[in-house]
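Peer 1: Pasting query.pdb below, which is PDB, N, CA and C atoms.
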ATOM      1  N   MET A  14     -40.423 -18.405 -35.509
ATOM      2  CA  MET A  14     -39.040 -18.423 -35.937
ATOM      3  C   MET A  14     -38.696 -19.815 -36.450
ATOM      4  N   GLU A  15     -37.979 -19.855 -37.524
ATOM      5  CA  GLU A  15     -37.560 -21.136 -38.084
ATOM      6  C   GLU A  15     -36.148 -21.455 -37.604
ATOM      7  N   PHE A  16     -35.990 -22.665 -37.091
ATOM      8  CA  PHE A  16     -34.705 -23.081 -36.550
ATOM      9  C   PHE A  16     -33.917 -23.835 -37.611
ATOM     10  N   ASP A  17     -32.624 -23.608 -37.610
ATOM     11  CA  ASP A  17     -31.743 -24.363 -38.498
ATOM     12  C   ASP A  17     -30.509 -24.791 -37.706
ATOM     13  N   ARG A  18     -29.620 -25.483 -38.371
ATOM     14  CA  ARG A  18     -28.431 -26.008 -37.687
ATOM     15  C   ARG A  18     -27.559 -24.908 -37.098
ATOM     16  N   LYS A  19     -27.496 -23.773 -37.785
ATOM     17  CA  LYS A  19     -26.658 -22.675 -37.294
ATOM     18  C   LYS A  19     -27.179 -22.157 -35.952
ATOM     19  N   ILE A  20     -28.486 -22.004 -35.836
ATOM     20  CA  ILE A  20     -29.063 -21.516 -34.581
ATOM     21  C   ILE A  20     -28.845 -22.538 -33.472
ATOM     22  N   ASP A  21     -29.031 -23.826 -33.781
ATOM     23  CA  ASP A  21     -28.792 -24.866 -32.775
ATOM     24  C   ASP A  21     -27.322 -24.891 -32.353
ATOM     25  N   TRP A  22     -26.417 -24.670 -33.296
ATOM     26  CA  TRP A  22     -24.998 -24.616 -32.977
ATOM     27  C   TRP A  22     -24.718 -23.443 -32.028
ATOM     28  N   GLN A  23     -25.329 -22.291 -32.303
ATOM     29  CA  GLN A  23     -25.153 -21.119 -31.443
ATOM     30  C   GLN A  23     -25.717 -21.379 -30.046
ATOM     31  N   ILE A  24     -26.865 -22.053 -29.981
ATOM     32  CA  ILE A  24     -27.457 -22.380 -28.683
ATOM     33  C   ILE A  24     -26.519 -23.290 -27.899
ATOM     34  N   ASN A  25     -25.985 -24.326 -28.563
ATOM     35  CA  ASN A  25     -25.051 -25.238 -27.891
ATOM     36  C   ASN A  25     -23.851 -24.480 -27.335
ATOM     37  N   ASN A  26     -23.293 -23.593 -28.130
ATOM     38  CA  ASN A  26     -22.140 -22.810 -27.675
ATOM     39  C   ASN A  26     -22.496 -21.926 -26.494
ATOM     40  N   ASN A  27     -23.653 -21.279 -26.540
ATOM     41  CA  ASN A  27     -24.076 -20.418 -25.437
ATOM     42  C   ASN A  27     -24.286 -21.225 -24.156
ATOM     43  N   VAL A  28     -24.849 -22.423 -24.283
ATOM     44  CA  VAL A  28     -25.044 -23.285 -23.116
ATOM     45  C   VAL A  28     -23.688 -23.667 -22.530
ATOM     46  N   LYS A  29     -22.751 -24.069 -23.378
ATOM     47  CA  LYS A  29     -21.423 -24.447 -22.891
ATOM     48  C   LYS A  29     -20.721 -23.281 -22.213
ATOM     49  N   ILE A  30     -20.866 -22.094 -22.770
ATOM     50  CA  ILE A  30     -20.255 -20.907 -22.165
ATOM     51  C   ILE A  30     -20.806 -20.683 -20.765
ATOM     52  N   GLU A  31     -22.129 -20.786 -20.610
ATOM     53  CA  GLU A  31     -22.745 -20.583 -19.295
ATOM     54  C   GLU A  31     -22.289 -21.644 -18.294
ATOM     55  N   LEU A  32     -22.145 -22.877 -18.755
ATOM     56  CA  LEU A  32     -21.702 -23.949 -17.865
ATOM     57  C   LEU A  32     -20.253 -23.733 -17.422
ATOM     58  N   VAL A  33     -19.399 -23.351 -18.358
ATOM     59  CA  VAL A  33     -17.987 -23.115 -18.034
ATOM     60  C   VAL A  33     -17.858 -21.922 -17.083
ATOM     61  N   LYS A  34     -18.663 -20.881 -17.274
ATOM     62  CA  LYS A  34     -18.651 -19.717 -16.374
ATOM     63  C   LYS A  34     -18.951 -20.127 -14.937
ATOM     64  N   ARG A  35     -19.720 -21.198 -14.792
ATOM     65  CA  ARG A  35     -20.139 -21.659 -13.471
ATOM     66  C   ARG A  35     -19.337 -22.868 -12.985
ATOM     67  N   TRP A  36     -18.142 -23.048 -13.523
ATOM     68  CA  TRP A  36     -17.188 -24.055 -13.073
ATOM     69  C   TRP A  36     -17.704 -25.485 -13.240
ATOM     70  N   ILE A  37     -18.410 -25.756 -14.329
ATOM     71  CA  ILE A  37     -18.879 -27.111 -14.612
ATOM     72  C   ILE A  37     -18.009 -27.703 -15.707
ATOM     73  N   ASN A  38     -17.574 -28.940 -15.493
ATOM     74  CA  ASN A  38     -16.751 -29.651 -16.468
ATOM     75  C   ASN A  38     -17.648 -30.114 -17.617
ATOM     76  N   VAL A  39     -17.591 -29.422 -18.752
ATOM     77  CA  VAL A  39     -18.458 -29.755 -19.884
ATOM     78  C   VAL A  39     -17.997 -31.008 -20.619
ATOM     79  N   GLN A  40     -16.785 -31.464 -20.359
ATOM     80  CA  GLN A  40     -16.298 -32.688 -21.001
ATOM     81  C   GLN A  40     -17.031 -33.917 -20.471
ATOM     82  N   LYS A  41     -17.620 -33.816 -19.299
ATOM     83  CA  LYS A  41     -18.366 -34.926 -18.710
ATOM     84  C   LYS A  41     -19.841 -34.907 -19.133
ATOM     85  N   LEU A  42     -20.224 -33.901 -19.924
ATOM     86  CA  LEU A  42     -21.616 -33.758 -20.342
ATOM     87  C   LEU A  42     -21.754 -33.896 -21.854
ATOM     88  N   ARG A  43     -22.901 -34.359 -22.272
ATOM     89  CA  ARG A  43     -23.237 -34.404 -23.691
ATOM     90  C   ARG A  43     -24.376 -33.417 -23.897
ATOM     91  N   ILE A  44     -24.115 -32.387 -24.672
ATOM     92  CA  ILE A  44     -25.088 -31.316 -24.884
ATOM     93  C   ILE A  44     -25.517 -31.337 -26.347
ATOM     94  N   THR A  45     -26.806 -31.514 -26.574
ATOM     95  CA  THR A  45     -27.341 -31.525 -27.929
ATOM     96  C   THR A  45     -28.534 -30.584 -27.998
ATOM     97  N   SER A  46     -28.795 -30.096 -29.185
ATOM     98  CA  SER A  46     -29.990 -29.271 -29.360
ATOM     99  C   SER A  46     -30.590 -29.535 -30.736
ATOM    100  N   ALA A  47     -31.889 -29.448 -30.773
ATOM    101  CA  ALA A  47     -32.636 -29.612 -32.012
ATOM    102  C   ALA A  47     -33.835 -28.685 -31.952
ATOM    103  N   LYS A  48     -33.906 -27.794 -32.914
ATOM    104  CA  LYS A  48     -35.004 -26.828 -33.009
ATOM    105  C   LYS A  48     -35.201 -26.035 -31.726
ATOM    106  N   GLY A  49     -34.102 -25.687 -31.090
ATOM    107  CA  GLY A  49     -34.161 -24.856 -29.892
ATOM    108  C   GLY A  49     -34.364 -25.605 -28.595
ATOM    109  N   ASN A  50     -34.504 -26.915 -28.652
ATOM    110  CA  ASN A  50     -34.678 -27.736 -27.453
ATOM    111  C   ASN A  50     -33.339 -28.379 -27.100
ATOM    112  N   VAL A  51     -32.853 -28.092 -25.900
ATOM    113  CA  VAL A  51     -31.535 -28.564 -25.476
ATOM    114  C   VAL A  51     -31.688 -29.763 -24.548
ATOM    115  N   GLU A  52     -30.792 -30.737 -24.721
ATOM    116  CA  GLU A  52     -30.737 -31.879 -23.829
ATOM    117  C   GLU A  52     -29.319 -31.972 -23.270
ATOM    118  N   ILE A  53     -29.233 -32.052 -21.944
ATOM    119  CA  ILE A  53     -27.944 -32.138 -21.263
ATOM    120  C   ILE A  53     -27.900 -33.456 -20.502
ATOM    121  N   LYS A  54     -26.952 -34.323 -20.875
ATOM    122  CA  LYS A  54     -26.821 -35.645 -20.265
ATOM    123  C   LYS A  54     -25.422 -35.800 -19.694
ATOM    124  N   GLY A  55     -25.318 -36.611 -18.640
ATOM    125  CA  GLY A  55     -24.000 -36.968 -18.142
ATOM    126  C   GLY A  55     -23.801 -36.693 -16.674
ATOM    127  N   ASP A  56     -22.535 -36.654 -16.283
ATOM    128  CA  ASP A  56     -22.138 -36.442 -14.892
ATOM    129  C   ASP A  56     -21.933 -34.964 -14.613
ATOM    130  N   LEU A  57     -22.502 -34.507 -13.514
ATOM    131  CA  LEU A  57     -22.291 -33.133 -13.075
ATOM    132  C   LEU A  57     -21.022 -33.110 -12.243
ATOM    133  N   GLU A  58     -19.986 -32.478 -12.791
ATOM    134  CA  GLU A  58     -18.702 -32.405 -12.094
ATOM    135  C   GLU A  58     -18.227 -30.963 -12.108
ATOM    136  N   PHE A  59     -17.847 -30.478 -10.925
ATOM    137  CA  PHE A  59     -17.375 -29.105 -10.803
ATOM    138  C   PHE A  59     -15.858 -29.076 -10.878
ATOM    139  N   THR A  60     -15.344 -27.953 -11.330
ATOM    140  CA  THR A  60     -13.904 -27.760 -11.413
ATOM    141  C   THR A  60     -13.504 -26.619 -10.493
ATOM    142  N   GLY A  61     -12.223 -26.436 -10.320
ATOM    143  CA  GLY A  61     -11.728 -25.322  -9.517
ATOM    144  C   GLY A  61     -12.127 -25.442  -8.059
ATOM    145  N   LYS A  62     -12.372 -24.296  -7.434
ATOM    146  CA  LYS A  62     -12.678 -24.277  -6.001
ATOM    147  C   LYS A  62     -14.018 -24.925  -5.681
ATOM    148  N   PHE A  63     -14.934 -25.000  -6.665
ATOM    149  CA  PHE A  63     -16.245 -25.588  -6.415
ATOM    150  C   PHE A  63     -16.197 -27.105  -6.308
ATOM    151  N   ALA A  64     -15.136 -27.718  -6.772
ATOM    152  CA  ALA A  64     -15.052 -29.177  -6.792
ATOM    153  C   ALA A  64     -15.204 -29.781  -5.401
ATOM    154  N   SER A  65     -14.686 -29.128  -4.390
ATOM    155  CA  SER A  65     -14.756 -29.696  -3.042
ATOM    156  C   SER A  65     -15.746 -28.967  -2.138
ATOM    157  N   ASP A  66     -16.211 -27.789  -2.536
ATOM    158  CA  ASP A  66     -17.055 -26.969  -1.666
ATOM    159  C   ASP A  66     -18.543 -27.248  -1.765
ATOM    160  N   MET A  67     -18.977 -27.996  -2.759
ATOM    161  CA  MET A  67     -20.408 -28.159  -2.998
ATOM    162  C   MET A  67     -20.983 -29.323  -2.202
ATOM    163  N   ASP A  68     -22.004 -29.027  -1.382
ATOM    164  CA  ASP A  68     -22.747 -30.089  -0.712
ATOM    165  C   ASP A  68     -24.109 -30.219  -1.405
ATOM    166  N   GLY A  69     -24.937 -31.127  -0.938
ATOM    167  CA  GLY A  69     -26.208 -31.413  -1.601
ATOM    168  C   GLY A  69     -27.115 -30.207  -1.750
ATOM    169  N   ALA A  70     -27.286 -29.427  -0.668
ATOM    170  CA  ALA A  70     -28.171 -28.267  -0.715
ATOM    171  C   ALA A  70     -27.622 -27.201  -1.660
ATOM    172  N   SER A  71     -26.315 -27.030  -1.664
ATOM    173  CA  SER A  71     -25.696 -26.046  -2.561
ATOM    174  C   SER A  71     -25.899 -26.435  -4.016
ATOM    175  N   VAL A  72     -25.746 -27.726  -4.310
ATOM    176  CA  VAL A  72     -25.921 -28.202  -5.683
ATOM    177  C   VAL A  72     -27.374 -27.999  -6.121
ATOM    178  N   GLN A  73     -28.325 -28.259  -5.228
ATOM    179  CA  GLN A  73     -29.738 -28.082  -5.563
ATOM    180  C   GLN A  73     -30.044 -26.643  -5.943
ATOM    181  N   SER A  74     -29.612 -25.694  -5.122
ATOM    182  CA  SER A  74     -29.884 -24.290  -5.433
ATOM    183  C   SER A  74     -29.111 -23.841  -6.671
ATOM    184  N   PHE A  75     -27.910 -24.386  -6.835
ATOM    185  CA  PHE A  75     -27.106 -24.067  -8.007
ATOM    186  C   PHE A  75     -27.798 -24.533  -9.283
ATOM    187  N   LEU A  76     -28.310 -25.765  -9.283
ATOM    188  CA  LEU A  76     -28.984 -26.300 -10.468
ATOM    189  C   LEU A  76     -30.248 -25.515 -10.792
ATOM    190  N   LYS A  77     -30.964 -25.094  -9.765
ATOM    191  CA  LYS A  77     -32.179 -24.303  -9.986
ATOM    192  C   LYS A  77     -31.848 -22.975 -10.671
ATOM    193  N   SER A  78     -30.825 -22.299 -10.171
ATOM    194  CA  SER A  78     -30.451 -21.016 -10.776
ATOM    195  C   SER A  78     -29.854 -21.208 -12.171
ATOM    196  N   LEU A  79     -29.091 -22.280 -12.363
ATOM    197  CA  LEU A  79     -28.520 -22.567 -13.678
ATOM    198  C   LEU A  79     -29.617 -22.833 -14.702
ATOM    199  N   ASP A  80     -30.635 -23.570 -14.305
ATOM    200  CA  ASP A  80     -31.763 -23.860 -15.194
ATOM    201  C   ASP A  80     -32.440 -22.563 -15.640
ATOM    202  N   LEU A  81     -32.623 -21.639 -14.715
ATOM    203  CA  LEU A  81     -33.242 -20.349 -15.053
ATOM    204  C   LEU A  81     -32.369 -19.535 -16.006
ATOM    205  N   VAL A  82     -31.064 -19.544 -15.771
ATOM    206  CA  VAL A  82     -30.139 -18.805 -16.641
ATOM    207  C   VAL A  82     -30.183 -19.375 -18.056
ATOM    208  N   LEU A  83     -30.140 -20.696 -18.172
ATOM    209  CA  LEU A  83     -30.148 -21.318 -19.497
ATOM    210  C   LEU A  83     -31.448 -21.047 -20.233
ATOM    211  N   LYS A  84     -32.558 -21.068 -19.522
ATOM    212  CA  LYS A  84     -33.850 -20.807 -20.170
ATOM    213  C   LYS A  84     -33.962 -19.363 -20.662
ATOM    214  N   GLY A  85     -33.108 -18.492 -20.156
ATOM    215  CA  GLY A  85     -33.095 -17.097 -20.596
ATOM    216  C   GLY A  85     -32.232 -16.843 -21.824
ATOM    217  N   LEU A  86     -31.544 -17.876 -22.322
ATOM    218  CA  LEU A  86     -30.686 -17.703 -23.500
ATOM    219  C   LEU A  86     -31.543 -17.465 -24.745
ATOM    220  N   PRO A  87     -31.040 -16.682 -25.682
ATOM    221  CA  PRO A  87     -31.806 -16.410 -26.900
ATOM    222  C   PRO A  87     -32.056 -17.683 -27.716
ATOM    223  N   ASN A  88     -33.238 -17.780 -28.270
ATOM    224  CA  ASN A  88     -33.677 -18.863 -29.166
ATOM    225  C   ASN A  88     -33.840 -20.218 -28.489
ATOM    226  N   LEU A  89     -33.598 -20.305 -27.185
ATOM    227  CA  LEU A  89     -33.730 -21.582 -26.492
ATOM    228  C   LEU A  89     -35.179 -21.775 -26.055
ATOM    229  N   ARG A  90     -35.761 -22.902 -26.438
ATOM    230  CA  ARG A  90     -37.157 -23.192 -26.093
ATOM    231  C   ARG A  90     -37.274 -23.930 -24.769
ATOM    232  N   SER A  91     -36.498 -24.998 -24.621
ATOM    233  CA  SER A  91     -36.591 -25.803 -23.397
ATOM    234  C   SER A  91     -35.258 -26.484 -23.113
ATOM    235  N   VAL A  92     -35.103 -26.914 -21.850
ATOM    236  CA  VAL A  92     -33.911 -27.635 -21.430
ATOM    237  C   VAL A  92     -34.366 -28.935 -20.782
ATOM    238  N   LYS A  93     -33.844 -30.046 -21.270
ATOM    239  CA  LYS A  93     -34.124 -31.359 -20.690
ATOM    240  C   LYS A  93     -32.840 -31.855 -20.041
ATOM    241  N   TRP A  94     -32.924 -32.188 -18.762
ATOM    242  CA  TRP A  94     -31.760 -32.611 -17.993
ATOM    243  C   TRP A  94     -31.803 -34.112 -17.754
ATOM    244  N   GLN A  95     -30.679 -34.781 -17.932
ATOM    245  CA  GLN A  95     -30.512 -36.187 -17.559
ATOM    246  C   GLN A  95     -29.144 -36.333 -16.909
ATOM    247  N   LEU A  96     -29.069 -35.875 -15.676
ATOM    248  CA  LEU A  96     -27.801 -35.889 -14.953
ATOM    249  C   LEU A  96     -27.702 -37.116 -14.057
ATOM    250  N   THR A  97     -26.534 -37.700 -14.025
ATOM    251  CA  THR A  97     -26.288 -38.826 -13.132
ATOM    252  C   THR A  97     -26.306 -38.311 -11.701
ATOM    253  N   GLY A  98     -27.175 -38.884 -10.889
ATOM    254  CA  GLY A  98     -27.226 -38.506  -9.479
ATOM    255  C   GLY A  98     -28.221 -37.422  -9.146
ATOM    256  N   TRP A  99     -28.798 -36.764 -10.138
ATOM    257  CA  TRP A  99     -29.763 -35.686  -9.886
ATOM    258  C   TRP A  99     -30.949 -35.829 -10.823
ATOM    259  N   GLN A 100     -32.116 -35.461 -10.305
ATOM    260  CA  GLN A 100     -33.340 -35.576 -11.083
ATOM    261  C   GLN A 100     -34.183 -34.326 -10.842
ATOM    262  N   LYS A 101     -34.742 -33.801 -11.913
ATOM    263  CA  LYS A 101     -35.600 -32.631 -11.784
ATOM    264  C   LYS A 101     -37.047 -33.107 -11.679
ATOM    265  N   VAL A 102     -37.702 -32.740 -10.575
ATOM    266  CA  VAL A 102     -39.096 -33.094 -10.345
ATOM    267  C   VAL A 102     -39.867 -31.786 -10.239
ATOM    268  N   GLY A 103     -40.598 -31.454 -11.297
ATOM    269  CA  GLY A 103     -41.263 -30.151 -11.338
ATOM    270  C   GLY A 103     -40.216 -29.058 -11.418
ATOM    271  N   ALA A 104     -40.233 -28.158 -10.451
ATOM    272  CA  ALA A 104     -39.234 -27.087 -10.414
ATOM    273  C   ALA A 104     -38.118 -27.398  -9.413
ATOM    274  N   ARG A 105     -38.201 -28.559  -8.734
ATOM    275  CA  ARG A 105     -37.229 -28.908  -7.701
ATOM    276  C   ARG A 105     -36.221 -29.925  -8.205
ATOM    277  N   TRP A 106     -35.045 -29.854  -7.657
ATOM    278  CA  TRP A 106     -33.989 -30.831  -7.938
ATOM    279  C   TRP A 106     -33.853 -31.738  -6.731
ATOM    280  N   VAL A 107     -33.829 -33.049  -6.986
ATOM    281  CA  VAL A 107     -33.665 -34.008  -5.900
ATOM    282  C   VAL A 107     -32.538 -34.966  -6.256
ATOM    283  N   PRO A 108     -31.773 -35.381  -5.253
ATOM    284  CA  PRO A 108     -30.712 -36.340  -5.540
ATOM    285  C   PRO A 108     -31.303 -37.712  -5.855
ATOM    286  N   ASN A 109     -30.742 -38.367  -6.833
ATOM    287  CA  ASN A 109     -31.132 -39.727  -7.182
ATOM    288  C   ASN A 109     -30.150 -40.642  -6.466
ATOM    289  N   ILE A 110     -30.537 -41.132  -5.305
ATOM    290  CA  ILE A 110     -29.650 -41.867  -4.409
ATOM    291  C   ILE A 110     -29.088 -43.124  -5.070
ATOM    292  N   GLN A 111     -29.928 -43.866  -5.794
ATOM    293  CA  GLN A 111     -29.468 -45.107  -6.422
ATOM    294  C   GLN A 111     -28.347 -44.834  -7.416
ATOM    295  N   GLN A 112     -28.517 -43.816  -8.252
ATOM    296  CA  GLN A 112     -27.483 -43.501  -9.230
ATOM    297  C   GLN A 112     -26.213 -43.027  -8.556
ATOM    298  N   GLN A 113     -26.340 -42.234  -7.497
ATOM    299  CA  GLN A 113     -25.158 -41.743  -6.792
ATOM    300  C   GLN A 113     -24.385 -42.895  -6.160
ATOM    301  N   LYS A 114     -25.092 -43.853  -5.548
ATOM    302  CA  LYS A 114     -24.414 -44.991  -4.923
ATOM    303  C   LYS A 114     -23.711 -45.846  -5.978
ATOM    304  N   GLN A 115     -24.378 -46.059  -7.112
ATOM    305  CA  GLN A 115     -23.764 -46.862  -8.171
ATOM    306  C   GLN A 115     -22.522 -46.173  -8.713
ATOM    307  N   ARG A 116     -22.581 -44.865  -8.877
ATOM    308  CA  ARG A 116     -21.429 -44.116  -9.379
ATOM    309  C   ARG A 116     -20.261 -44.180  -8.389
ATOM    310  N   GLU A 117     -20.558 -44.044  -7.090
ATOM    311  CA  GLU A 117     -19.498 -44.138  -6.086
ATOM    312  C   GLU A 117     -18.878 -45.532  -6.078
ATOM    313  N   LYS A 118     -19.703 -46.558  -6.252
ATOM    314  CA  LYS A 118     -19.205 -47.923  -6.295
ATOM    315  C   LYS A 118     -18.270 -48.118  -7.489
ATOM    316  N   GLU A 119     -18.664 -47.597  -8.650
ATOM    317  CA  GLU A 119     -17.845 -47.717  -9.851
ATOM    318  C   GLU A 119     -16.525 -46.980  -9.672
ATOM    319  N   GLN A 120     -16.564 -45.804  -9.050
ATOM    320  CA  GLN A 120     -15.338 -45.047  -8.820
ATOM    321  C   GLN A 120     -14.427 -45.779  -7.852
ATOM    322  N   GLY A 121     -15.000 -46.452  -6.851
ATOM    323  CA  GLY A 121     -14.212 -47.206  -5.884
ATOM    324  C   GLY A 121     -13.526 -48.402  -6.536
ATOM    325  N   GLU A 122     -14.205 -49.034  -7.499
ATOM    326  CA  GLU A 122     -13.623 -50.178  -8.205
ATOM    327  C   GLU A 122     -12.486 -49.754  -9.127
ATOM    328  N   GLN A 123     -12.557 -48.531  -9.648
ATOM    329  CA  GLN A 123     -11.527 -48.047 -10.570
ATOM    330  C   GLN A 123     -10.232 -47.738  -9.847
ATOM    331  N   LYS A 124     -10.309 -47.420  -8.557
ATOM    332  CA  LYS A 124      -9.111 -47.026  -7.790
ATOM    333  C   LYS A 124      -8.285 -48.182  -7.398
TER     334      LYS A 124
END
Just give me the structure as structure tokens.

Peer 2:
Amino acid sequence: MEFDRKIDWQINNNVKIELVKRWINVQKLRITSAKGNVEIKGDLEFTGKFASDMDGASVQSFLKSLDLVLKGLPNLRSVKWQLTGWQKVGARWVPNIQQQKQREKEQGEQK
């Protein structure tokens, strides 16, 4: 299949739809795609009731299932994640403690 800008635009929209369905603030993320390969960068922030209910283990299982859902989207080849505070190692998600501490420090300075 030959990829063009229209297909990449459709992939981006489908990814954003899936993220919004799962209460993720897409304004905190930068989502790009090229030839069916998606890259998601930024802060993982939940909205609505999930904003306060998510602990570390819940986020890990959530990210694993979200990754599988996104990989099932039409025309999508791969997903590359660069989330602040989280790192994908193989098929597992692990918290990046250094990034999380730095982010909390920055948020504390802003208040």

Peer 1: Which residue out of A:Arg18, A:Phe75, A:Lys48, A:Ala70 has the minimum interatomic distance to Trp36 (chain A) when only C-alpha atoms are used?

Peer 2: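 That would be A:Phe75, the residue with the smallest distance to Trp36 (chain A).
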
Peer 1: Please, what distance in Å, to one decimal, runs between atom N of Thr97 (chain A) and atom C of Glu58 (chain A)?

Peer 2: 10.9 Å

Peer 1: Could you tell me which residues the PyMOL selection byres ((chain A and resi 52) around 7) returns for this structure, as a list of chain:residue names?

Peer 2: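 Going through the file, the PyMOL selection byres ((chain A and resi 52) around 7) ends up selecting A:Arg43, A:Ile44, A:Thr45, A:Ser46, A:Ala47, A:Asn50, A:Val51, A:Ile53, A:Lys54, A:Ser91, A:Val92, A:Lys93, A:Trp94, A:Gln95.
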
Peer 1: Pull the strand (DSSP E or B) assignments for chain A out of DSSP run on the backbone, and list those residues as a PyMOL selection string.

Peer 2: chain A and resi 37+42-47+50-56+59+91-97+99-102+105-108

Peer 1: Kindly indicate which residue among A:Leu96, A:Trp22, A:Trp106, A:Leu83 lies nearest to Lys41 (chain A), using only C-alpha atoms for the distances.

Peer 2: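 Of the candidates, the smallest distance to Lys41 (chain A) is held by A:Leu96.
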
Peer 1: Between atom C of Leu89 (chain A) and atom N of Gly49 (chain A), what is the distance, to one decimal in Å?

Peer 2: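 If I compute the distance from atom C of Leu89 (chain A) to atom N of Gly49 (chain A), I get 6.5 Å.
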
Peer 1: Would you mind reading off the distance between CA of Asp68 (chain A) and CA of Asn27 (chain A), one decimal, in Å?

Peer 2: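 Distance between the two atoms: 26.6 Å.
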
Peer 1: Which residue, A:Ser78, A:Asn88, A:Asn38, A:Asn26, has the smallest gap to Ala104 (chain A) when you use only C-alpha atoms?

Peer 2: A:Ser78

Peer 1: Rank nothing, just name the residue among A:Phe16, A:Val33, A:Asn25, A:Arg105 nearest to Gln73 (chain A), using all atoms listed in the file.

Peer 2: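 Smallest separation from Gln73 (chain A) among the options: A:Arg105.
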
Peer 1: Using all atoms listed in the file, which residue out of A:Val107, A:Val102, A:Val28, A:Glu15 lies closest to Leu86 (chain A)?

Peer 2: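 Residue with the minimum atom-to-atom distance to Leu86 (chain A): A:Val28.
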
Peer 1: Ranking A:Pro87, A:Gly61, A:Gly103, A:Lys77 by minimum distance to Ile24 (chain A) and counting all atoms listed in the file, which one comes first?

Peer 2: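 Looking only at the distances to Ile24 (chain A), the closest residue turns out to be A:Pro87.
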